[in-house]
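All remarks here apply to the structure that follows.
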Amino acid sequence: MPLKRPASLLTTLISLTSLAVFAQVSLVMAVYFSNHMIEILANSQFPGVIWHNAVIFMPIVEVIMIQFILYVLFIGILWYVTIAIGELFSLNKSSVRSLGIFLWLITVIDILAANCYYFLDSLFSQAIREWLLDGHLTDTALKIIITLSSTILLLALFLTLIYLLRRRRIGIILLSATILFFLLKWDSTTLQAVPLNGGTVDKPNIIFIGFDALRPDFVKGKNFEKFIQSSIYFANTYTPMSRTTPSWTSILTASYPIHNGIRDNMINPKELLLSDTLPRHLKKLGYQTLYATDDRRYNNMGHYIGFDHVMGPSTGVDDFLIGDLNDFPLSNLLINTPLGRWLFPYNYGNHGSSATYDPDSFLQLIRAGLHQRNGQPLFLAMHLNVSGWSYDWLRENPQEYGVDLCKKSVRRADDQLGKLLNILQQNHLLDHSIVVLLSDHGITLGLHGDRIISAAKYRGNPANMQQVSAFGYYNAPLHGANFKRDYGVDTSYGYGGDVLSLKQTHSVLAIKGYGINVGAPHRVTFFTTLMDIGPTILELLKFPPLSFHDGVSLQKPTQRDFFLESGYATVDMQQDNVSKAPVLKVSIDFFQAQPDGSIYVNPVREKEYMTGRQYAMMAGDWLLAHYPWMTQYKVVRDPKARVVRVTQVMGPSYFVLVNLKTGEWTTELNSSFAKTAPVSALIHRLKAFYGDDLDLSLYPPQSIIKDNPKE
């Protein structure tokens with residue numbers, strides 16, 4: 001007897017699914033309207049760019065079509081299963097229709113429950129867990145719901161299988177099982193031969209493993225500790241700019257941002273001023289060069305700096321749009337499968353798409369990318385973002401303070417390091433290799449001591465200390481009125497926003513040899529920088545040096561000045577709970593979409609905020625920092641509300657002089673304390689290094705800057 005096709009069942013399934021899709025889209029739009037995200041995007045240049053650029057527009061259309069096809073398959077499978085069970089038990093048309101509605105409801109419940117359980121940061125998880133059920137839906141309850149609904153659905157599939165067997169449709173069963181296996185489990189790299197290891201004693205593989213925003217005093221875990229204990233660990237390493245792209249560019253060019261041209265995230269790579277980068281240098285020496293990162297929104301490293309291949313999620317304007325907006329329960333369950341890697345390249349393994357981000361998915365991208373090796377020695381640089389803000393990924397959700405979340409992310413990073421080293425070993429890349437473990441920069445979290453200054457060690461008139469920015473501590477109540485308890489000059493938030501926060505620029509650095517002698521494991525305490533990595537590796541292997549480099553080989557300690565600069569920052573970026581909407585509202589006009597779909601800082605706006613940078617230098621026991629007039633954040637009392645608020649205010653530029661050994665500091669360069677330091681020499685060298693970028697026309701008085709700054 002042929003299958004019946006009751007229109008009422010199909011029509012019902014289409015109607016129910018259409019209503020469900022409409023409800024999902026409505027919820028997304030309502031949320032984005034409520035937090036003004038739609039308004040912010042609509043008032044920017046991006047809508048016009050999107051609709052008039054096929055490179056940007058077509059991936060959006062493709063995702064919409066994929067979503068449509070998924071729901072067509074959803075309806076088709078449910079329809080077929082319902083009809084098969086109806087035929088198996090000879091149900092009448094009305095019963096078949098009721099069965100179809102029941103299976104549709106069970107399937108929707110199963111999908112929503114699974115989305116709530118696995119993707120805690122998904123918009124729909126938040127809607128159900130927090131808004132609908134007021135936080136009363138526990139993981140245990142979700143497990144019970146998933147178990148019961150999945151059992152019913154498996155029973156339905158089993159009955160469908162019996163129906164197919166009775167119809168002797170073995171071919172359909174085998175074909176369906178094969179397709180399901182290939183789509184959900186199969187990874188093409190498992191069937192490929194492992195490429196030959198190209199590393200040798202003379203030309204070993206060079207592997208950089210970088211973690212985002214990993215501050216050294218937070219490094220815990222068996223894999224981190226085991227690696228550091230068996231390596232040369234540089235405990236006093238700093239980056240000249242605590243933002244990912246400038247820091248990595250400094251690593252790969254061995255130069256300061258002012259010399260290589262990349263002075264903040266998302267700067268157009270055409271601004272790169274140096275051609276002899278470490279990847280290009282090693283390519284000339286016979287190396288293949290690969291780069292991998294799981295977040296390319298603010299880290300646009302790639303081919304322009306000399307890498308042959310880049311592993312990671314797709315990037316550009318669509319990364320921001322699709323990565324954030326493609327959050328729907330049905331597709332979320334597919335994103336971290338091999339099928340999802342093909343269907344959703346802007347979401348799979350993408351740390352920026354935090355609702356569905358799975359750190360292990362990114363490792364699969366690395367595993368697959370390593371099969372692009374060609375037998376040459378390999379230079380592999382990897383940047384992993386699981387330790388960086390926003391601290392949420394698969395099965396995790398930010399419900400704690402930033403400090404606790406940061407520590408939790410470090411534990412996850414430790415797990416990722418162990419798995420990554422196993423992948424490298426399985427690919428025989430650790431037979432002869434030099435592995436560098438690093439972090440691009442650190443981070444401050446509102447802790448006491450996150451800044452190198454404190455009110456107790458100010459030297460001078462306390463009234464002059466008030467011009468220095470103060471921030472609330474991470475565990476202080478929001479807008480708390482107790483200034484002495486809740487706010488201080490000894491703390492800050494984030495990275496790249498404050499040159500006195502050396503926790504932001506303090507980086508992890510450890511070098512270890514596998515089958516290569518790089519020296520006995522020990523701890524190095526003398527001052528080092530991330531710019532020193534390239535010169536150290538090249539000298540260690542007796543390779544020619546880079547044509548230009550600010551960094552030096554770490555074979556021996558070197559006394560030198562060190563220069564720091566800040567990046568663009570707003571009040572909304574410098575707090576414990578950072579919200580995307582306020583940050584986007586302030587910063588969206590700083591970016592510009594390119595014809596190829598990439599997105600970079602608008603060069604006109606870049607020049608504007610260059611004037612708001614902080615600059616500093618470290619020389620021996622002294623640090624001198626210059627704060628311009630437009631980057632001051634004040635704690636302002638609201639007498640009516642009886643609270644205090646952090647706000648941005650205008651004020652004069654000022655210097656801060658700090659003794660790094662004692663912690664004493666001042667803003668008064670004519671004070672008795674300042675006279676114990678070579679102030680004139682420090683100012684002169686700072687001005688000579690940054691040139692016209694450092695505007696000293698208003699302050700300090702010219703009498704402080706001597707023509708001959710020898711002291």
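In the structure tokens, chains take letters A, B, ... by order of appearance, with residues numbered from 1 within each chain and ligands from 1 in the order shown.
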
With a distance cut-off of 9 Å and only C-alpha atoms, select the neighbouring residues of segment 390-394 of chain A, excluding the residue or stretch itself and same-chain residues fewer than 4 positions from it, and output the selection as a ChimeraX atom specification. /A:118-121,351-359,386,398,402,405-406,408-409,578

Test item, helix (DSSP H, G or I) assignment across segment 332-413 of chain A, answer as number ranges by chain: A: 332-335, 338-343, 359-372, 402-413

Excluding Tyr304 of chain A and residues on its chain fewer than 6 positions from it, collect all residues at most 10 Å away from it, counting only C-alpha atoms, and give them as number ranges by chain. A: 269-270, 272, 275, 277, 280

Only N, CA, C and O atoms, please: the residues just picked out, written as a compact mmCIF listing (two decimals), in the first residue's frame.
```txt
# COMPACT_ATOMS: atom_id res chain seq x y z
N PRO A 269 45.97 46.37 7.24
CA PRO A 269 47.34 45.81 7.13
C PRO A 269 48.22 46.54 6.15
O PRO A 269 49.45 46.37 6.17
N LYS A 270 47.64 47.35 5.28
CA LYS A 270 48.45 48.15 4.37
C LYS A 270 49.31 49.17 5.12
O LYS A 270 50.25 49.72 4.57
N LEU A 272 51.18 48.40 7.54
CA LEU A 272 52.41 47.75 7.98
C LEU A 272 53.60 48.36 7.26
O LEU A 272 53.64 48.40 6.02
N SER A 275 58.71 45.13 5.85
CA SER A 275 58.50 44.00 4.93
C SER A 275 59.21 42.73 5.41
O SER A 275 58.78 41.63 5.09
N THR A 277 59.33 40.53 7.87
CA THR A 277 58.69 39.97 9.06
C THR A 277 59.24 38.59 9.33
O THR A 277 59.86 37.96 8.45
N ARG A 280 57.98 35.92 6.77
CA ARG A 280 58.63 36.08 5.46
C ARG A 280 60.11 35.69 5.54
O ARG A 280 60.65 35.09 4.61
```
